[in-house]
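Engineer: One structure, as C-alpha cells, below. Some questions next.
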4 protein chains.
Amino acid sequence: MIIILKPGADDRVVEAVVARIAELGLAPHISKGRFRTIIGAIGEERVENIPLIEEITGVERVVPILKPYKLASREFHPDDSVFGVGNIRIGEGTVTIIAGPCAIENEEWLRETAGASKAAGAHVLRGGAYKPRTSPYSFQGLGEEGLKLLRAVGDETGMPVITEVMDPRDVAKVERYADIIQIGARNMQNFNLLLEVGQTHKPVFLKRGLSAPIKEWLMSAEYILSRGHNKVMLCERGIRTFTDETRFTLDVSAVPIVKEESHLPVFIDPSHATGRRSLIAPMTLAGIAAGADGVMIEVHACPDKALCDGPQALVPAALAELMGHVKRLASVFGKRMADDPEAALP
Amino acid sequence: MIIILKPGADDRVVEAVVARIAELGLAPHISKGRFRTIIGAIGEERVENIPLIEEITGVERVVPILKPYKLASREFHPDDSVFGVGNIRIGEGTVTIIAGPCAIENEEWLRETAGASKAAGAHVLRGGAYKPRTSPYSFQGLGEEGLKLLRAVGDETGMPVITEVMDPRDVAKVERYADIIQIGARNMQNFNLLLEVGQTHKPVFLKRGLSAPIKEWLMSAEYILSRGHNKVMLCERGIRTFTDETRFTLDVSAVPIVKEESHLPVFIDPSHATGRRSLIAPMTLAGIAAGADGVMIEVHACPDKALCDGPQALVPAALAELMGHVKRLASVFGKRMADDPEAALP
Amino acid sequence: MIIILKPGADDRVVEAVVARIAELGLAPHISKGRFRTIIGAIGEERVENIPLIEEITGVERVVPILKPYKLASREFHPDDSVFGVGNIRIGEGTVTIIAGPCAIENEEWLRETAGASKAAGAHVLRGGAYKPRTSPYSFQGLGEEGLKLLRAVGDETGMPVITEVMDPRDVAKVERYADIIQIGARNMQNFNLLLEVGQTHKPVFLKRGLSAPIKEWLMSAEYILSRGHNKVMLCERGIRTFTDETRFTLDVSAVPIVKEESHLPVFIDPSHATGRRSLIAPMTLAGIAAGADGVMIEVHACPDKALCDGPQALVPAALAELMGHVKRLASVFGKRMADDPEAALP
Amino acid sequence: MIIILKPGADDRVVEAVVARIAELGLAPHISKGRFRTIIGAIGEERVENIPLIEEITGVERVVPILKPYKLASREFHPDDSVFGVGNIRIGEGTVTIIAGPCAIENEEWLRETAGASKAAGAHVLRGGAYKPRTSPYSFQGLGEEGLKLLRAVGDETGMPVITEVMDPRDVAKVERYADIIQIGARNMQNFNLLLEVGQTHKPVFLKRGLSAPIKEWLMSAEYILSRGHNKVMLCERGIRTFTDETRFTLDVSAVPIVKEESHLPVFIDPSHATGRRSLIAPMTLAGIAAGADGVMIEVHACPDKALCDGPQALVPAALAELMGHVKRLASVFGKRMADDPEAALP
C-alpha cells in the first residue's frame, strides 16, 4: 500500500509510520518530495491494516494496491467457476433460467407454476418459504411446510429448487430441502448468516445489497468462501438510486465488472429490480447480452383467476415467449442452455 | 385507499376491483370520469392489501391514504415516548450523549475512554463486542468477554451501557449485560433479529439502514413494537449517496421528519455518517439544532500512544470542548442534559 | 387529478378547493369518506395547476392522472418517430452507431479516426468543438475551427456529423456545420438553450441529465418539441449513484421505459456512462438487447502513439470487432443497420 | 501525483510514463516493488494532465495529491472572504438571511412580502424574474419587468436584492438591476454562463448542482474566480438521493466541508432542498449550527388569500418566529446578524 503524508508532516510522523509498518511485517520505502512525503509499504497487503496506519496523525490517506478480497478474486482463481446442480450446469458458457413464484402460497399454485415454467424452458424452480417483509403485518411465508412443498414439486417436475434463508437458526433445515440456498439483498451483510451458509454443502446464491458497492458484495462472497465453500453464485437485483420509474435500478454494468474481477457465476433478477412486468423481458435480454450466466424471473400461474398478474411477475406464456429470445441470444454469444446435454460437466 | 384504473378499463375491471375490495372487508365508492374511473375503498386500510388490488389487470395505481405503520406513528400515540435508563432520561426535552470506542479492544483502553468520556459529560457508554466487519479477515470483536468488560466498566463509572447484537442467537446474552441493545444499520431489515429483540425488556437503539426510506425504518421499529416492546430509540447514521467527501451523507432532515411522524426518540451518529473527525462537532450541533434527542459519538483515549486518533473518533479533550457547545445549544432550545436531576421522570 | 384532503379538513377547505378548481376550468367530483374527503377534478389536466391546489391549507396531496408531457408522449403520438439524416435511417427498426473522438484535437487524428470508424461500420461521426469541462484550466475545444474540421472530414468520409452546443449564442453557428445537434447532460435543463435548438431544422440529440428522473428528461424534450421541432433523439448516458466502480451508472432500464412512454428514438452512451474501456462492448450489447435504437461510442485512433488509448475510448480495431456482435444481435431482433439500403425511408 | 502501474507492466511502460511526465514538465521518481512499479511525478500538479497519463497502456491508476481548484481553495487564500453588500456584511462571523418569494408574480404581493420579511428581520430580498421551469407550459417569470419591480421594492424597503440569471445573454441586464446575481443548481455547470458572470462586478450566489460532488462545485466557483471576480457565495440546496420524504436531501455536512476547503461564504436553502414547510425552521437552525454564514428562505405573503401558503414557503409570521431562534443561536456561536452595525466591515 501507499501512504501519503499531509503537507508539512515532519520526521516524527515518518518514524511513526515506519514503526507501524514494521509491526505489520511490511518493509517501508520512503520517498520525500518537495511538498509531501510518500511511503510505500511492501509485502503482503491486508485490508485490515489500513485503519491502523490511517489513524496515525499526519497521515492523509492510505491507498491500497491489492484487492481486499482474495478467494473471490480472479487474480487468485483465474478460471471461471463452473459447477453442476442436478443435471443443470451453472457458470460461464451456459445460460440458466430460474423461475417461480415470489412466495409459496399453496401447493396447487406452486405445482401449476412449476409445471408451466418447466414447459416454457426454465431450469431451476424458485419459491420463498421464509419471506423478508417490510411490514410485520404482512404474510411471512409458510416456513418449513413451504420447504416441503417446494421439495416435492421440484422432484415431481425434475427441477432443482432454490429458496431463501434469513436466520442462521434455519440454515440446517433449509439445506435439507433446497438444492441452492439464497441469501437475500437485505442479508448481504448479515455476516453470521454468511458464515453459517459457508458451512453447508449446497451452492449459495448471494444477492447484492441495495446499496452495496461491488467490492463489499465480493467481500460478502469472501465470507462464505472463507469457510471452505466453493460454489457461490452472485445475483445483481437492483440498487437504490434516485429513480422513481422503477423500484430499484438494475446495475447491468455490474455483470461485466464481476466477470472481470471474479471467477464466480453472476445472475440478474429483473423482477425485483424493476418491479414492472413490462421491463422483465428487455432487462433479461440486456443482462444476458452483458454476459450474465443466468436470470432469476418471477413467474406466477393463476389458472382460476384470469385477472391475476402480479406487477413484477410474468405469466407462463410470457416466459415461454421470452425463452425463445433468450435461446437465440445465447447462440449469438456461443452459449448453451443450462440443461443442454452438450453443456454437461466433464 | 384510492384505486385508479387505466384509461379504457371496462366494466369487467370495475367488477373485479369491487369484488376484491369486498373480500377485503372494504366498501367501494365508484367515480367514473370522462377518461378514467376512480374507485375509493372505504374501511380499515391495510398496506398488505395494496398488491392484491394492484395485481388486477386494468388497475393503474393504488394510492394509500393511511400510513403503513401504526404503533410507531404519532397518529396512534400523540405524546412523545420518554423513558429512563438508570438515572438517564431519554426522549423529548433532554439531550443524551452516548460516547465510547467503536470496538472494545482491551480493558485498559475501555476504562480510560469511559472515565474520560464521563468526565467530559457523556451519559451512556458505547462499545462493540460483536462487530459487523465488511471483511472476514478483520477483527470481529471480543464477544462475551467484551460484554463482561463493558458491564464492569459501566458499573465502575456509573454509566449505562449500549452494545450491538447481530445474531438472534446472541440476544439473550446481550440482554443480560447491556442496558440498551443496538441494532446496526446493516441489520435494520434483519427481521428475525428485530422480532427477537422485541421480546427483551431493554430499550432498543435502531439504526437506519444505509438505503432505507424513513417509512421502512419506521416499519422496522414497528416490528419491534409489535412484540409488545415500547422503548425503541431511532438513530440516523448516514445514507448512501453519490457524495465522496464523507463516508455517507448524514440526513439531518430525518430528525424533524421522524419527530413529526413518530413519538419515538431520535438520535444521530455523526462519527459513522461522516467518517471524518473534523465533522463530528459541527454535525453534532446541527443534529441537536434540528431537534435530535441525543447523539452517539465515537471517542477513543489512547494514553500511551500519542499518535493514535482514529479518523472518525474524538479524543476526550475534544469531547469535553464539544459538550460545552452542546449545553449552550440545549439551553437555547429549552432542553436539559439527560443526567440533570431536574430532568428526572415524574 | 385527485385531491386528497387532510383528516379533519372542514367544509371551508372543500369550498376553497371547489372554487379553485372552477377557476381552472375543471369540474369537481366530491367524495366524502368517514376519515377523509377526496375531490376529483375533471377536465383537461395541466401540471402547472397542481401547485395552485396544493397550496390550499387543508390539502394533503394532489395526484395527477395524465402525464405532464404531451408532444413527447406516445399517448399523443402512438407511432415511433423515424427519420433520415443523409442516407442514415434513425429510429425503431434500425441500429445506428455514432463513433468518434470525444474532442476534436487536430485534423490528422480526426481524419484517421473517422476513416477507421467508417471502415469498422459506424454510421455517424461525433466530435466535440465546444467542450464542457469541469475545470476552467482544461482544454475547452477548438470552437468554430473544430466545427469546420468536423464538417470537412464528415464530407470526405460520407458520414453525417454530430457535435455539442453549450451556449444559446452558438446555436446558429453549430446548425450551419452539424447534421445533428447534441445537448449534453449538464445542459439538459438549460431551458433557453433547449428553446433555441427547438427553432433549428436539424435533429437534436438530448442527453439525460446526471440526476434527471425520466419524466424531467421527457419534459426537456417537450421544450424542444414545443417550438415546432419534431426530430428529437434521446440518449441515456449514466446517472449519478453511489457506485464507485464506474463513473456513472448506465440506467439500461431507461431504454424500454422511454420506448413505452415516448415515440422518440433512444440511444445509449456507454463510454461516458462507465468511463471504462472494457465495459463499452458489453454495455453496447446490453443496450441494444434492451431495445436501444443506437449507441454513441468514443473511438480514438492515434497512429503515431501506440500507447495512446483513452480510458473510455475504443481503438478502431475493437470497434470493428464489436460491430460484428452488434450486427448479429440486431438480426436476432429483426433490426437492420442504419445504412442498410433496405432500411431506407419510404 | 502518483502513478500506479498494472502488475506485470514492463520497462516499456515505465519509459512511456517517464517520457510523458517529462513532456509535462514534471520529474519522475520510480519505485519498483516486487509486484508493482509506482512512479511519483514531482512538480506543479495540473488536473488536466491526469488523463494524459491514465491513457497510457499499462497504467492502472493516477492518484492526484494537490486539489484541482486553486483560487477557491483555502490553501491559497487562508483568510475567510468577507464583503459588504449595501449595509449588509456577508461571510464568517455574521448570519445573513435572504427572504422573499420564489417568483415575482406582481407588484402588490412582492411589496407585501418584502415589507413583512424586512420587519421580521430578513436582510436581503430574493425574487425570481427568470424562472427555470421543468415544463415549457409553466409560468416562466416576468423577465425584465420583474427585475424592475424587484429593484424598486428593494429600494423602497432598503434591502439589497438577489435574482437568478439563466442565460449568458441576460447577464448585463441582470447586473444592472440586482445587487447579487444567482446561478441556480441546474446551471452550476453552464460554464459559459459562469464565465459571463465572472466578468460582472456584483457578488455571485452559486447554488450546488443536484448531483455535484463538492469538488465540482468548487471548480464551478473557480470558473467565476478565474475571471478576476472575488465575491462568490456558495449555497447548498439539496442533493438528489433515494429519499422520498423530501424533494432533495439537504447535505448539511457540505457546510463544514466547504468551510474547511474554501474561504468562500456558504449558505443553505432549506425551502428548495426539502420542499416541506414544516422542515424550513429546523433545517435553518441545523445549517447555522453547522457553521453556515446565511440562509435563503422562501417567504410568501398573500394578504387577500388566507388560504394561500405554498408548500415550501413560510408566511411572514413564521419567519419572524424563526428569526428569534436564529438570533439566539447566532449568539451561542459568537456571531452577529448581518445588519448589526457592530458587524460593519472595517
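As shown in the C-alpha cells, the chain order sets the letters A, B, ...; within each chain, residues go from 1, and ligands are also counted from 1 in the order they appear.
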I'd like the neighbourhood of Pro136 of chain D as a PyMOL selection string, where a residue qualifies if any of its atoms comes within 12 Å (using only C-alpha atoms), though same-chain residues fewer than 6 positions away should be ignored.

Structural biologist: chain C and resi 46-48+68-71+189-192+194-195+198+216+218-227

Engineer: Would you output that residue set with C-alpha atoms, as a PDB file, in the first residue's frame?

Structural biologist:
```pdb
ATOM      1  CA  ARG C  46     -52.393  20.755 -16.599  1.00  0.00           C
ATOM      2  CA  VAL C  47     -49.372  20.068 -14.483  1.00  0.00           C
ATOM      3  CA  GLU C  48     -48.902  23.750 -13.697  1.00  0.00           C
ATOM      4  CA  PRO C  68     -47.048  16.182 -17.675  1.00  0.00           C
ATOM      5  CA  TYR C  69     -45.574  15.936 -21.173  1.00  0.00           C
ATOM      6  CA  LYS C  70     -47.690  15.701 -24.288  1.00  0.00           C
ATOM      7  CA  LEU C  71     -45.792  16.081 -27.570  1.00  0.00           C
ATOM      8  CA  GLN C 189     -32.224  21.733 -18.101  1.00  0.00           C
ATOM      9  CA  ASN C 190     -30.598  24.756 -19.730  1.00  0.00           C
ATOM     10  CA  PHE C 191     -34.071  25.735 -20.854  1.00  0.00           C
ATOM     11  CA  ASN C 192     -33.158  28.727 -23.006  1.00  0.00           C
ATOM     12  CA  LEU C 194     -33.465  23.986 -25.455  1.00  0.00           C
ATOM     13  CA  LEU C 195     -35.803  26.649 -26.832  1.00  0.00           C
ATOM     14  CA  GLY C 198     -36.024  23.890 -30.894  1.00  0.00           C
ATOM     15  CA  GLU C 216     -37.881  15.502 -16.408  1.00  0.00           C
ATOM     16  CA  LEU C 218     -39.031  13.911 -21.427  1.00  0.00           C
ATOM     17  CA  MET C 219     -40.101  17.371 -20.226  1.00  0.00           C
ATOM     18  CA  SER C 220     -36.843  18.736 -21.638  1.00  0.00           C
ATOM     19  CA  ALA C 221     -37.641  17.037 -24.944  1.00  0.00           C
ATOM     20  CA  GLU C 222     -41.055  18.669 -24.687  1.00  0.00           C
ATOM     21  CA  TYR C 223     -39.353  22.090 -24.528  1.00  0.00           C
ATOM     22  CA  ILE C 224     -37.726  21.418 -27.898  1.00  0.00           C
ATOM     23  CA  LEU C 225     -40.847  19.888 -29.440  1.00  0.00           C
ATOM     24  CA  SER C 226     -42.975  22.768 -28.189  1.00  0.00           C
ATOM     25  CA  ARG C 227     -41.143  25.020 -30.647  1.00  0.00           C
TER      26      ARG C 227
END
```

Engineer: May I have the residues within 7 Å of Ala290 of chain D as a count of residues only, using only C-alpha atoms and disregarding those fewer than 3 positions away in the same chain?

Structural biologist: 8

Engineer: What is the Cα root-mean-square deviation, to one decimal place in Å, for chain B superposed on chain C with all Cα atoms matched in order?

Structural biologist: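 After superposition, the RMSD is 0.1 Å.
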
Engineer: Within 7 Å of chain B, which residues belong to chain C? Use only C-alpha atoms and report them as a PDB file with C-alpha atoms, in the first residue's frame.

Structural biologist:
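selection_36.pdb, written as the output of this step:
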```pdb
ATOM      1  CA  GLY C  33     -65.291   9.229   3.393  1.00  0.00           C
ATOM      2  CA  ILE C  42     -62.436  16.504 -14.157  1.00  0.00           C
ATOM      3  CA  ARG C 240     -25.143   9.615 -10.618  1.00  0.00           C
ATOM      4  CA  THR C 241     -25.417   6.894  -7.963  1.00  0.00           C
ATOM      5  CA  PHE C 242     -23.314   5.662  -5.054  1.00  0.00           C
TER       6      PHE C 242
END
```

Engineer: Identify, on the basis of only C-alpha atoms, every residue whose closest approach to Pro160 of chain A does not exceed 12 Å; exclude the query and any residue fewer than 3 positions from it along the same chain; express the result as a PyMOL selection string.

Structural biologist: chain A and resi 84-90+96-100+114+118+122-127+150-157+163+177-181+202-203+338-339

Engineer: Just asking: which residues within segment 60-173 of chain D are helix (DSSP H, G or I) according to DSSP, as number ranges by chain?

Structural biologist: D: 107-120, 144-157, 168-173

Engineer: Would you save the residues from that selection as a CSV table (one decimal), in the first residue's frame, using N, CA and C atoms?

Structural biologist:
```csv
chain,number,residue,atom,x,y,z
D,107,GLU,N,-46.6,43.2,-8.3
D,107,GLU,CA,-46.0,44.3,-7.5
D,107,GLU,C,-46.6,44.2,-6.1
D,108,GLU,N,-47.9,44.1,-6.0
D,108,GLU,CA,-48.5,44.1,-4.7
D,108,GLU,C,-48.0,43.0,-3.8
D,109,TRP,N,-48.0,41.7,-4.3
D,109,TRP,CA,-47.5,40.6,-3.4
D,109,TRP,C,-46.0,40.8,-3.1
D,110,LEU,N,-45.3,41.3,-4.0
D,110,LEU,CA,-43.8,41.4,-3.8
D,110,LEU,C,-43.6,42.5,-2.7
D,111,ARG,N,-44.3,43.6,-2.8
D,111,ARG,CA,-44.1,44.7,-1.8
D,111,ARG,C,-44.6,44.2,-0.4
D,112,GLU,N,-45.7,43.5,-0.4
D,112,GLU,CA,-46.2,43.0,0.9
D,112,GLU,C,-45.2,42.0,1.5
D,113,THR,N,-44.7,41.1,0.7
D,113,THR,CA,-43.8,40.1,1.2
D,113,THR,C,-42.5,40.7,1.7
D,114,ALA,N,-42.0,41.7,0.9
D,114,ALA,CA,-40.7,42.3,1.2
D,114,ALA,C,-40.8,43.1,2.5
D,115,GLY,N,-41.9,43.9,2.7
D,115,GLY,CA,-42.1,44.7,3.9
D,115,GLY,C,-42.2,43.8,5.1
D,116,ALA,N,-42.9,42.7,5.0
D,116,ALA,CA,-43.1,41.8,6.1
D,116,ALA,C,-41.8,41.0,6.4
D,117,SER,N,-41.0,40.7,5.4
D,117,SER,CA,-39.8,40.0,5.6
D,117,SER,C,-38.8,40.9,6.3
D,118,LYS,N,-38.7,42.2,5.8
D,118,LYS,CA,-37.8,43.1,6.4
D,118,LYS,C,-38.2,43.3,7.9
D,119,ALA,N,-39.5,43.5,8.2
D,119,ALA,CA,-40.0,43.7,9.5
D,119,ALA,C,-39.6,42.5,10.4
D,120,ALA,N,-39.6,41.3,9.8
D,120,ALA,CA,-39.3,40.1,10.6
D,120,ALA,C,-37.8,39.9,10.8
D,144,GLU,N,-37.7,41.2,-17.7
D,144,GLU,CA,-37.2,42.5,-17.3
D,144,GLU,C,-38.2,43.3,-16.4
D,145,GLU,N,-39.4,43.1,-16.7
D,145,GLU,CA,-40.4,43.8,-15.8
D,145,GLU,C,-40.3,43.3,-14.4
D,146,GLY,N,-40.0,42.1,-14.2
D,146,GLY,CA,-39.8,41.6,-12.8
D,146,GLY,C,-38.6,42.2,-12.2
D,147,LEU,N,-37.5,42.3,-13.0
D,147,LEU,CA,-36.3,42.9,-12.5
D,147,LEU,C,-36.6,44.3,-12.0
D,148,LYS,N,-37.3,45.1,-12.7
D,148,LYS,CA,-37.6,46.5,-12.4
D,148,LYS,C,-38.4,46.5,-11.1
D,149,LEU,N,-39.4,45.6,-11.0
D,149,LEU,CA,-40.2,45.6,-9.7
D,149,LEU,C,-39.3,45.3,-8.5
D,150,LEU,N,-38.4,44.3,-8.7
D,150,LEU,CA,-37.6,43.9,-7.6
D,150,LEU,C,-36.7,45.0,-7.2
D,151,ARG,N,-36.1,45.7,-8.1
D,151,ARG,CA,-35.2,46.8,-7.8
D,151,ARG,C,-36.0,47.9,-7.1
D,152,ALA,N,-37.2,48.2,-7.5
D,152,ALA,CA,-38.0,49.3,-6.9
D,152,ALA,C,-38.4,48.9,-5.5
D,153,VAL,N,-38.8,47.7,-5.3
D,153,VAL,CA,-39.2,47.3,-4.0
D,153,VAL,C,-38.0,47.1,-3.0
D,154,GLY,N,-36.9,46.7,-3.6
D,154,GLY,CA,-35.7,46.6,-2.8
D,154,GLY,C,-35.3,48.0,-2.3
D,155,ASP,N,-35.4,49.0,-3.2
D,155,ASP,CA,-35.0,50.4,-2.8
D,155,ASP,C,-36.0,50.9,-1.8
D,156,GLU,N,-37.3,50.7,-2.0
D,156,GLU,CA,-38.3,51.2,-1.0
D,156,GLU,C,-38.0,50.6,0.4
D,157,THR,N,-37.7,49.3,0.5
D,157,THR,CA,-37.6,48.7,1.8
D,157,THR,C,-36.1,48.8,2.3
D,168,PRO,N,-26.6,33.5,-20.7
D,168,PRO,CA,-25.5,34.5,-20.8
D,168,PRO,C,-25.9,35.8,-21.4
D,169,ARG,N,-26.9,35.8,-22.3
D,169,ARG,CA,-27.4,37.0,-23.0
D,169,ARG,C,-28.1,37.9,-22.0
D,170,ASP,N,-28.5,37.4,-20.8
D,170,ASP,CA,-29.2,38.3,-19.9
D,170,ASP,C,-28.3,38.8,-18.8
D,171,VAL,N,-27.0,38.5,-18.8
D,171,VAL,CA,-26.2,38.8,-17.6
D,171,VAL,C,-26.1,40.3,-17.4
D,172,ALA,N,-25.8,41.1,-18.5
D,172,ALA,CA,-25.6,42.5,-18.4
D,172,ALA,C,-26.9,43.2,-17.8
D,173,LYS,N,-28.1,42.7,-18.3
D,173,LYS,CA,-29.3,43.2,-17.8
D,173,LYS,C,-29.6,42.9,-16.3
```

Engineer: Quick one: everything within 10 Å of Lys327 of chain A, counting only C-alpha atoms, minus sequence neighbours fewer than 3 positions away in the same chain. Send it as a short mmCIF file (atom, residue, chain, number, x, y, z; two decimals) with C-alpha atoms, in the first residue's frame.

Structural biologist:
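As a result, out19.cif now contains:
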```
data_model
loop_
_atom_site.label_atom_id
_atom_site.label_comp_id
_atom_site.auth_asym_id
_atom_site.auth_seq_id
_atom_site.Cartn_x
_atom_site.Cartn_y
_atom_site.Cartn_z
CA VAL A 95 -27.45 -19.65 -19.53
CA GLY A 121 -37.88 -23.97 -20.64
CA LEU A 322 -39.09 -14.74 -23.68
CA MET A 323 -37.25 -18.09 -23.66
CA GLY A 324 -37.32 -18.08 -27.46
CA ALA A 330 -27.38 -17.31 -26.21
CA SER A 331 -26.46 -18.78 -29.59
CA VAL A 332 -25.17 -15.38 -30.78
CA LYS A 335 -23.55 -20.22 -25.15
CA ARG A 336 -25.73 -23.23 -24.42
CA MET A 337 -28.80 -23.50 -22.24
#
```
